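> Structure file work_33.cif (mmCIF, C-alpha atoms) right here:
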```cif
data_upload
#
loop_
_atom_site.label_atom_id
_atom_site.label_comp_id
_atom_site.auth_asym_id
_atom_site.auth_seq_id
_atom_site.Cartn_x
_atom_site.Cartn_y
_atom_site.Cartn_z
CA MET A 18 11.80 -22.70 4.54
CA LYS A 19 14.27 -19.96 3.54
CA MET A 20 12.94 -17.06 1.48
CA ALA A 21 14.59 -14.14 -0.32
CA PHE A 22 12.27 -11.13 -0.47
CA LEU A 23 13.36 -8.43 -2.94
CA SER A 24 12.40 -4.81 -2.24
CA ILE A 25 14.97 -3.10 -4.42
CA HIS A 26 13.72 0.48 -4.68
CA SER A 27 12.28 0.93 -1.20
CA SER A 28 13.43 -0.20 2.22
CA PRO A 29 10.66 -1.82 4.28
CA VAL A 30 11.88 0.15 7.29
CA GLY A 31 11.55 3.46 5.43
CA LYS A 32 9.13 6.09 6.67
CA ALA A 33 5.59 5.30 5.50
CA GLY A 34 3.72 8.01 3.64
CA GLY A 35 6.62 9.15 1.49
CA LYS A 36 6.66 9.06 -2.29
CA ASP A 37 8.05 5.52 -2.55
CA THR A 38 7.10 4.10 0.85
CA GLY A 39 3.58 3.00 1.63
CA GLY A 40 1.46 -0.11 1.68
CA MET A 41 4.22 -2.24 0.18
CA SER A 42 6.41 -1.65 3.23
CA THR A 43 3.52 -2.51 5.55
CA TYR A 44 2.93 -5.71 3.59
CA LEU A 45 6.60 -6.73 3.70
CA CYS A 46 6.93 -6.07 7.42
CA GLY A 47 3.68 -7.73 8.45
CA LEU A 48 4.10 -10.82 6.28
CA SER A 49 7.77 -11.39 7.07
CA GLU A 50 7.24 -11.01 10.81
CA ALA A 51 4.46 -13.62 10.70
CA LEU A 52 6.63 -15.98 8.64
CA GLY A 53 9.48 -15.57 11.11
CA ALA A 54 7.17 -16.33 14.02
CA MET A 55 6.25 -19.59 12.25
CA GLY A 56 9.93 -20.58 12.11
CA HIS A 57 10.66 -19.69 8.48
CA LYS A 58 13.72 -17.60 7.63
CA VAL A 59 13.29 -14.43 5.54
CA ASP A 60 15.98 -12.11 4.16
CA ILE A 61 14.66 -8.85 2.68
CA PHE A 62 17.08 -7.33 0.13
CA SER A 63 17.07 -3.57 -0.44
CA ARG A 64 19.52 -1.19 -2.14
CA SER A 65 21.82 0.84 0.05
CA ALA A 66 21.67 4.53 -0.86
CA VAL A 67 25.26 5.00 0.41
CA THR A 68 28.21 3.64 -1.56
CA GLY A 69 30.12 1.06 0.45
CA ALA A 70 27.38 0.66 3.04
CA GLU A 71 26.36 -2.98 3.23
CA GLY A 72 24.99 -4.83 6.19
CA ILE A 73 22.66 -7.48 7.54
CA HIS A 74 20.37 -6.36 10.34
CA LYS A 75 17.78 -8.26 12.36
CA MET A 76 14.23 -6.93 11.91
CA TYR A 77 12.23 -9.65 13.71
CA PRO A 78 12.96 -13.19 14.89
CA ASN A 79 14.20 -15.11 11.79
CA VAL A 80 13.83 -11.98 9.60
CA ARG A 81 16.79 -9.90 8.39
CA LEU A 82 17.14 -6.76 6.29
CA VAL A 83 20.03 -7.16 3.85
CA SER A 84 21.33 -3.83 2.53
CA PHE A 85 23.60 -4.27 -0.49
CA ASP A 86 25.81 -1.92 -2.47
CA ASP A 87 25.67 -2.07 -6.26
CA GLY A 88 28.15 0.78 -6.65
CA ASN A 89 25.63 3.36 -7.88
CA GLY A 90 24.91 5.21 -4.65
CA SER A 91 21.60 7.02 -4.28
CA LEU A 92 19.25 6.52 -7.23
CA ALA A 93 15.73 7.75 -7.84
CA LYS A 94 13.26 4.94 -8.49
CA ASN A 95 12.96 5.86 -12.16
CA ASP A 96 16.75 5.61 -12.60
CA ILE A 97 17.17 2.07 -11.26
CA TYR A 98 16.13 -0.01 -14.26
CA PRO A 99 19.37 0.37 -16.33
CA HIS A 100 21.31 -1.10 -13.39
CA ILE A 101 19.24 -4.27 -12.93
CA SER A 102 22.10 -6.60 -13.91
CA LEU A 103 24.53 -4.87 -11.54
CA ILE A 104 21.97 -5.11 -8.73
CA ALA A 105 21.47 -8.84 -9.30
CA ALA A 106 25.26 -9.33 -9.36
CA ALA A 107 25.63 -7.42 -6.07
CA ILE A 108 23.01 -9.60 -4.38
CA ASN A 109 24.57 -12.77 -5.76
CA ARG A 110 28.04 -11.69 -4.54
CA LEU A 111 26.76 -10.86 -1.06
CA CYS A 112 24.96 -14.20 -0.80
CA GLN A 113 28.09 -16.08 -1.85
CA GLN A 114 30.17 -14.20 0.73
CA ASN A 115 27.70 -15.01 3.49
CA GLN A 116 26.91 -18.53 2.24
CA CYS A 117 23.20 -17.73 1.90
CA SER A 118 20.87 -19.98 -0.06
CA TYR A 119 17.11 -19.88 -0.50
CA ASP A 120 14.12 -21.99 -1.46
CA VAL A 121 12.20 -19.22 -3.23
CA ILE A 122 12.48 -15.61 -4.43
CA PHE A 123 9.54 -13.31 -3.71
CA SER A 124 9.90 -10.02 -5.63
CA HIS A 125 7.96 -6.89 -4.76
CA TYR A 126 7.28 -4.29 -7.49
CA TRP A 127 8.35 -4.65 -11.10
CA LEU A 128 11.94 -3.49 -10.59
CA SER A 129 12.49 -6.22 -8.01
CA GLY A 130 10.81 -8.67 -10.34
CA CYS A 131 13.37 -7.94 -13.06
CA VAL A 132 16.19 -8.61 -10.59
CA GLY A 133 14.44 -11.76 -9.39
CA GLU A 134 14.31 -13.20 -12.91
CA ILE A 135 18.09 -12.83 -13.25
CA LEU A 136 18.71 -14.44 -9.85
CA LYS A 137 16.33 -17.25 -10.77
CA GLN A 138 18.70 -18.31 -13.54
CA ASN A 139 21.64 -18.38 -11.12
CA TRP A 140 19.90 -19.98 -8.17
CA GLN A 141 17.50 -22.30 -10.02
CA ILE A 142 14.62 -21.74 -7.60
CA PRO A 143 10.99 -20.62 -8.12
CA THR A 144 10.11 -16.92 -8.34
CA LEU A 145 7.00 -15.19 -7.09
CA VAL A 146 6.18 -11.59 -7.96
CA MET A 147 3.80 -9.09 -6.42
CA PHE A 148 3.43 -5.93 -8.52
CA HIS A 149 1.69 -3.90 -5.79
CA THR A 150 0.57 -1.55 -8.58
CA LEU A 151 0.49 -2.00 -12.35
CA GLY A 152 1.77 0.68 -14.71
CA ARG A 153 -0.91 -0.08 -17.28
CA ALA A 154 -3.67 0.17 -14.67
CA LYS A 155 -2.35 3.49 -13.35
CA ASN A 156 -2.21 4.98 -16.85
CA GLU A 157 -5.70 3.77 -17.73
CA ALA A 158 -7.20 5.02 -14.47
CA CYS A 159 -5.30 8.32 -14.35
CA PRO A 160 -3.30 9.40 -17.43
CA GLU A 161 -1.50 12.04 -15.35
CA GLU A 162 0.54 9.21 -13.88
CA ASN A 163 2.32 8.68 -17.23
CA GLU A 164 4.01 5.39 -16.33
CA PRO A 165 6.76 4.50 -18.87
CA SER A 166 6.28 1.91 -21.59
CA ARG A 167 9.35 0.05 -20.30
CA ARG A 168 7.57 -0.66 -17.02
CA ILE A 169 4.42 -1.86 -18.78
CA SER A 170 6.31 -4.25 -21.08
CA GLU A 171 8.44 -5.62 -18.24
CA GLU A 172 5.34 -6.25 -16.12
CA GLU A 173 3.87 -8.28 -18.95
CA ASN A 174 7.10 -10.29 -19.25
CA LEU A 175 7.15 -10.92 -15.50
CA ALA A 176 3.49 -11.97 -15.51
CA ARG A 177 4.28 -14.63 -18.10
CA ASN A 178 7.68 -15.78 -16.80
CA SER A 179 7.28 -15.86 -13.02
CA ASP A 180 6.15 -19.08 -11.40
CA LEU A 181 3.35 -17.38 -9.47
CA ILE A 182 1.84 -13.91 -9.15
CA ILE A 183 0.54 -12.75 -5.77
CA THR A 184 -2.08 -10.04 -5.35
CA ALA A 185 -3.74 -8.64 -2.23
CA ALA A 186 -7.24 -8.19 -3.69
CA ARG A 187 -9.54 -10.11 -6.00
CA LEU A 188 -10.02 -7.10 -8.28
CA GLU A 189 -6.29 -7.02 -8.94
CA LYS A 190 -6.23 -10.73 -9.73
CA GLU A 191 -9.03 -10.28 -12.26
CA ARG A 192 -7.20 -7.32 -13.81
CA ILE A 193 -3.96 -9.30 -14.23
CA LEU A 194 -5.75 -12.31 -15.70
CA ASN A 195 -7.51 -10.07 -18.22
CA TYR A 196 -4.46 -7.98 -19.12
CA TYR A 197 -2.19 -10.93 -19.84
CA ASN A 198 -4.65 -13.71 -20.71
CA LEU A 199 -3.29 -15.99 -17.99
CA PRO A 200 -4.81 -19.16 -16.52
CA PRO A 201 -6.45 -18.51 -13.10
CA ARG A 202 -3.97 -20.81 -11.33
CA LYS A 203 -1.14 -18.38 -12.23
CA VAL A 204 -2.46 -15.68 -9.86
CA GLU A 205 -3.26 -16.13 -6.16
CA VAL A 206 -4.72 -13.70 -3.62
CA ILE A 207 -3.05 -13.23 -0.24
CA PRO A 208 -4.76 -10.34 1.58
CA CYS A 209 -3.01 -7.85 3.81
CA GLY A 210 -3.16 -8.19 7.55
CA ILE A 211 -3.74 -5.39 10.03
CA GLY A 212 -1.99 -4.53 13.28
CA ARG A 213 -4.96 -4.82 15.62
CA MET A 214 -2.93 -3.91 18.71
CA LEU A 215 -2.13 -0.57 17.08
CA PHE A 216 -5.26 0.19 15.07
CA LYS A 217 -8.20 0.10 17.49
CA PRO A 218 -11.10 2.36 18.55
CA LEU A 219 -10.33 5.34 20.79
CA ASP A 220 -12.40 8.24 22.06
CA ARG A 221 -12.93 10.57 19.07
CA GLN A 222 -12.81 13.88 20.95
CA LYS A 223 -9.70 12.91 22.90
CA ALA A 224 -8.00 11.80 19.68
CA LYS A 225 -8.78 15.20 18.11
CA GLU A 226 -7.30 16.98 21.09
CA GLN A 227 -4.14 14.86 21.03
CA ILE A 228 -3.33 15.75 17.43
CA GLY A 229 -4.29 19.40 17.84
CA LEU A 230 -7.48 19.44 15.79
CA ASP A 231 -10.43 21.48 16.99
CA SER A 232 -14.00 20.24 17.29
CA LYS A 233 -14.73 20.53 13.57
CA LYS A 234 -16.11 17.56 11.67
CA ILE A 235 -13.13 15.82 10.06
CA ILE A 236 -12.82 14.19 6.65
CA LEU A 237 -9.61 12.14 6.54
CA ALA A 238 -7.64 10.97 3.52
CA VAL A 239 -4.38 9.01 3.89
CA GLY A 240 -1.83 8.12 1.24
CA ARG A 241 1.10 9.13 -0.92
CA ILE A 242 0.57 12.41 -2.74
CA GLU A 243 0.20 11.36 -6.36
CA PRO A 244 -2.48 11.94 -9.02
CA VAL A 245 -3.94 8.42 -8.91
CA LYS A 246 -5.00 8.95 -5.27
CA GLY A 247 -7.68 11.42 -6.40
CA PHE A 248 -7.01 14.06 -3.75
CA ASP A 249 -7.77 16.83 -6.26
CA PHE A 250 -11.21 15.31 -6.78
CA LEU A 251 -11.72 15.11 -3.01
CA ILE A 252 -10.86 18.80 -2.57
CA GLU A 253 -13.37 19.66 -5.31
CA THR A 254 -15.98 17.51 -3.57
CA THR A 255 -15.35 18.97 -0.12
CA ALA A 256 -15.82 22.48 -1.55
CA LEU A 257 -19.48 21.56 -2.20
CA LEU A 258 -20.21 20.91 1.49
CA PRO A 259 -22.07 23.68 3.35
CA LEU A 260 -19.88 26.10 5.31
CA ARG A 261 -22.30 25.87 8.24
CA ASP A 262 -21.27 22.24 8.75
CA ASP A 263 -17.79 23.39 9.86
CA ILE A 264 -16.06 20.49 8.07
CA LYS A 265 -12.30 20.22 7.63
CA LEU A 266 -10.46 17.96 5.16
CA VAL A 267 -7.21 16.53 6.57
CA ILE A 268 -4.83 14.90 4.06
CA VAL A 269 -2.10 12.74 5.63
CA GLY A 270 0.95 11.78 3.58
CA GLY A 271 3.73 13.15 1.43
CA ASP A 272 7.36 14.15 1.92
CA GLU A 273 9.90 16.47 0.31
CA GLN A 274 9.59 14.63 -3.00
CA SER A 275 5.87 15.44 -3.00
CA ARG A 276 6.36 19.17 -2.50
CA ASP A 277 5.31 20.24 -6.01
CA GLN A 278 2.19 18.07 -5.97
CA VAL A 279 1.18 19.36 -2.54
CA ALA A 280 1.66 22.92 -3.81
CA ALA A 281 -0.64 22.17 -6.77
CA LEU A 282 -3.31 20.75 -4.44
CA LYS A 283 -3.05 23.80 -2.18
CA GLU A 284 -3.45 26.03 -5.22
CA LYS A 285 -6.59 24.12 -6.21
CA ALA A 286 -7.97 24.47 -2.69
CA ALA A 287 -7.29 28.22 -2.76
CA SER A 288 -9.02 28.58 -6.12
CA LEU A 289 -12.13 27.02 -4.54
CA GLY A 290 -11.97 29.20 -1.41
CA MET A 291 -10.85 26.22 0.64
CA GLU A 292 -7.58 27.54 2.14
CA ASP A 293 -8.85 27.23 5.72
CA ARG A 294 -10.77 24.01 5.18
CA VAL A 295 -7.96 21.76 3.94
CA GLN A 296 -4.97 20.73 6.06
CA PHE A 297 -1.91 18.89 4.73
CA THR A 298 -0.10 17.18 7.58
CA GLY A 299 2.77 15.71 5.57
CA ARG A 300 4.08 12.30 6.52
CA ILE A 301 2.83 11.04 9.88
CA ASP A 302 4.62 8.35 11.88
CA HIS A 303 2.86 5.00 11.53
CA GLN A 304 2.39 4.73 15.29
CA SER A 305 0.43 8.00 15.29
CA LEU A 306 -1.94 7.13 12.44
CA PRO A 307 -4.59 5.56 14.74
CA LEU A 308 -5.11 8.97 16.36
CA TYR A 309 -6.00 10.45 12.97
CA TYR A 310 -8.37 7.63 12.04
CA ASN A 311 -10.08 7.91 15.42
CA ALA A 312 -10.30 11.70 15.24
CA ALA A 313 -11.97 11.51 11.82
CA ASP A 314 -15.70 11.38 11.32
CA VAL A 315 -15.15 9.61 8.00
CA THR A 316 -12.18 8.31 5.99
CA VAL A 317 -12.52 8.92 2.26
CA ILE A 318 -10.71 6.87 -0.41
CA PRO A 319 -11.23 8.75 -3.70
CA SER A 320 -8.52 6.86 -5.63
CA TYR A 321 -8.83 6.19 -9.32
CA TYR A 322 -6.90 2.96 -8.76
CA GLU A 323 -5.65 0.99 -5.77
CA SER A 324 -4.17 -2.48 -5.81
CA PHE A 325 -5.27 -2.96 -2.21
CA ALA A 326 -6.29 0.17 -0.19
CA LEU A 327 -4.90 -0.70 3.23
CA THR A 328 -6.26 2.58 4.61
CA ALA A 329 -9.76 1.09 4.48
CA LEU A 330 -8.77 -1.68 6.91
CA GLU A 331 -6.93 0.72 9.21
CA SER A 332 -9.93 3.03 9.38
CA ILE A 333 -12.39 0.19 10.03
CA ALA A 334 -10.13 -1.23 12.76
CA CYS A 335 -10.40 2.16 14.47
CA GLY A 336 -14.20 2.12 14.12
CA THR A 337 -14.34 4.97 11.59
CA ARG A 338 -16.55 4.63 8.54
CA ILE A 339 -15.25 4.83 4.99
CA VAL A 340 -16.56 6.37 1.80
CA GLY A 341 -14.70 5.22 -1.26
CA ALA A 342 -14.51 4.23 -4.89
CA PRO A 343 -14.76 0.52 -5.83
CA VAL A 344 -10.99 0.00 -5.84
CA GLY A 345 -8.70 -2.61 -4.30
CA ILE A 346 -10.20 -4.43 -1.36
CA LEU A 347 -13.21 -2.10 -0.92
CA PRO A 348 -15.78 -4.19 -2.83
CA GLU A 349 -14.80 -7.23 -0.75
CA ILE A 350 -15.23 -5.28 2.49
CA PHE A 351 -18.70 -4.09 1.58
CA PHE A 352 -19.66 -7.57 0.39
CA ARG A 353 -19.02 -8.86 3.91
CA LEU A 354 -21.67 -6.50 5.32
CA PRO A 355 -24.10 -5.96 2.43
CA GLY A 356 -26.16 -3.47 4.44
CA GLY A 357 -23.43 -0.88 3.99
CA HIS A 358 -22.46 -0.65 7.66
CA PRO A 359 -18.80 0.27 6.94
CA GLY A 360 -19.95 3.40 5.10
CA CYS A 361 -20.58 3.85 1.39
CA LEU A 362 -19.14 2.58 -1.88
CA ILE A 363 -19.60 5.00 -4.81
CA THR A 364 -19.21 3.88 -8.42
CA ASP A 365 -20.03 7.27 -9.99
CA ARG A 366 -17.39 10.03 -9.92
CA THR A 367 -19.86 12.91 -9.73
CA PRO A 368 -18.69 15.45 -7.12
CA ASP A 369 -22.26 16.29 -6.05
CA LEU A 370 -22.99 12.63 -5.31
CA TRP A 371 -19.74 12.20 -3.39
CA ALA A 372 -20.45 15.32 -1.36
CA THR A 373 -23.89 14.00 -0.43
CA LYS A 374 -22.60 10.58 0.62
CA ILE A 375 -19.66 12.00 2.57
CA ARG A 376 -21.98 14.37 4.44
CA GLU A 377 -24.33 11.50 5.29
CA ALA A 378 -21.39 9.50 6.68
CA ILE A 379 -20.12 12.45 8.72
CA PHE A 380 -23.43 13.02 10.45
CA ARG A 381 -23.91 9.33 11.15
CA THR A 382 -22.05 9.87 14.38
CA GLU A 383 -21.86 6.33 15.81
CA LYS A 384 -18.72 4.36 15.12
CA ILE A 385 -18.65 0.90 13.55
CA SER A 386 -19.57 -1.57 16.28
CA PRO A 387 -17.01 -4.06 17.68
CA ALA A 388 -19.00 -6.95 16.18
CA GLU A 389 -18.97 -5.30 12.75
CA ILE A 390 -15.24 -4.66 13.02
CA GLU A 391 -14.60 -8.33 13.76
CA THR A 392 -16.77 -9.46 10.84
CA LEU A 393 -15.13 -7.09 8.41
CA LEU A 394 -11.53 -7.76 9.44
CA PHE A 395 -11.71 -11.51 10.03
CA PRO A 396 -9.97 -12.51 6.73
CA PHE A 397 -7.23 -9.91 7.10
CA ASN A 398 -4.51 -11.22 9.41
CA TRP A 399 -0.80 -11.80 8.90
CA THR A 400 -0.72 -15.32 10.35
CA GLY A 401 -3.27 -16.47 7.80
CA ALA A 402 -1.40 -14.68 5.02
CA ALA A 403 1.87 -16.37 6.01
CA ALA A 404 0.24 -19.80 6.12
CA ARG A 405 -1.30 -19.21 2.71
CA LEU A 406 2.02 -18.17 1.21
CA THR A 407 3.98 -21.13 2.55
CA GLY A 408 1.28 -23.51 1.28
CA LEU A 409 1.54 -22.03 -2.22
CA ILE A 410 5.34 -22.22 -2.19
CA ALA A 411 5.24 -25.84 -1.05
CA GLY A 412 2.96 -26.57 -4.00
CA LEU A 413 5.47 -25.00 -6.42
CA ARG A 414 8.35 -27.04 -5.02
CA SER A 415 6.55 -30.39 -4.94
#
```
Write the structure described by the file as structure tokens, please.

Amino acid sequence: MKMAFLSIHSSPVGKAGGKDTGGMSTYLCGLSEALGAMGHKVDIFSRSAVTGAEGIHKMYPNVRLVSFDDGNGSLAKNDIYPHISLIAAAINRLCQQNQCSYDVIFSHYWLSGCVGEILKQNWQIPTLVMFHTLGRAKNEACPEENEPSRRISEEENLARNSDLIITAARLEKERILNYYNLPPRKVEVIPCGIGRMLFKPLDRQKAKEQIGLDSKKIILAVGRIEPVKGFDFLIETTALLPLRDDIKLVIVGGDEQSRDQVAALKEKAASLGMEDRVQFTGRIDHQSLPLYYNAADVTVIPSYYESFALTALESIACGTRIVGAPVGILPEIFFRLPGGHPGCLITDRTPDLWATKIREAIFRTEKISPAEIETLLFPFNWTGAAARLTGLIAGLRS
């Protein structure tokens, strides 16, 4: 099977943790590599930020990154939409030049979905879309996000017009079905996988030493620096923990585009007397993330909304407990071990309650056991995701 993956606004080989590069890139890389290993051919299309720079590069066996030039040079994500037709034309031209043809288009994020719908008319093949996040959901969960009405209306159009919608969590499927009044068969769940060779338990003290953290108790939060992640709430919560506990909050993520938001979070920390208790690392290379998860005494996911929450799986794979809101995949994780062994799921957004639960998790010093890790992570593997996807596509084409 030959598949065209569209990742228009963000290259899957971009640096994770930046403003526009996160779980979507991990999903694209993990899923495409597994598909390639099964013998399927995948081309991932992404805009070139440099005029005249086009190329096709091997990522994995049977998987290529196709960089195309639409003539607009570097564009911020929010400036791409007016050029959707030009982008589709550039992809179509490049495919004609290289005699590429495909069995299916799989679009990632709403901008790619808009391009995919144009290509669908030219290529006459099925289209799948994965939103990764929904503008309406972000605005409802956190009005500071202020996602534009254009995005929200286009997501509704895509939900109705695409042949199939893919989500990574059951909560997101339910949200889409409710938002757009769709039949259940229109939305399918394909969970993320996890790189188990990379994310695995290590000695906590040695991990702390390797990344230059002292012997303090560590609260870890990982993600792009944006309001919906709830890092301001986490800083407020951490301020309630006793000074005698010697606890430090480490926030991993962010790049130059996040500078203003990081400055605002630092200002909030200072206003709460937290200057020395909160550390912003900036973007950390993906290969180094396991050291941070292993160094942490607890990983906290305070997001107002997540379509998946990959950080929960990464933390669990490293044996570190999680405390989080009921977002993305978290309810499914805790359902697998009803006794709460992975940590704690908190439905109330009261800072005092969060502080209490985080402190309990920190002082529960033992890591998640190997048997618990296996139970929790069993459904989350890229080979299974790839098999599920190809089965769904075969059903569309039959």
> For Ile228 in chain A, which residue out of A:Ile385, A:Leu393, A:Ala313, A:Ile101 is the nearest one, using all atoms listed in the file?
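When distances to Ile228 in chain A are compared using all atoms listed in the file, the smallest one comes from A:Ala313.
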> Could you pull the residues within 12 Å of Glu389 in chain A, counting only C-alpha atoms, minus those fewer than 3 positions along the same chain, as a count of residues only?
23
> Which residue, A:Asn174, A:Thr298, A:Leu308, A:Arg187, has the smallest gap to Lys223 in chain A when you use all atoms listed in the file?
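Smallest separation from Lys223 in chain A among the options: A:Leu308.
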> Just the number, please: distance in Å from CA of Ser288 in chain A to CA of Thr364 in chain A, one decimal.
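CA of Ser288 in chain A sits 26.8 Å away from CA of Thr364 in chain A.
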> What does the distance between CA of Leu330 in chain A and CA of Phe250 in chain A come to in Å, to one decimal place?
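Straight-line distance from CA of Leu330 in chain A to CA of Phe250 in chain A works out to 22.0 Å.
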> With the file shown as input, list the residues that the PyMOL selection byres ((chain A and resi 253-264) around 6) selects, as a list in words.
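Residues picked by the PyMOL selection byres ((chain A and resi 253-264) around 6): Lys233, Lys234, Ile235, Phe250, Leu251, Ile252, Lys265, Pro368 and Ala372 of chain A.
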> Selected by the PyMOL selection byres ((chain A and resi 176) around 12) in the shown coordinates: which residues, as a ChimeraX atom specification?
/A:124,126-127,130-131,134,144-148,151,169-175,177-184,190,192-200,203-204
> For CA of Asn398 in chain A and CA of Ala51 in chain A, determine how far apart the two atoms are, in Å to one decimal place.
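CA of Ala51 in chain A lies at a distance of 9.4 Å from CA of Asn398 in chain A.
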> For the structure provided, state which residues fall under the PyMOL selection byres ((chain A and resi 322) around 12), and present them as a VMD selection string.
chain A and resid 149 to 160 162 188 to 189 192 243 to 247 318 to 321 323 to 326 341 to 347
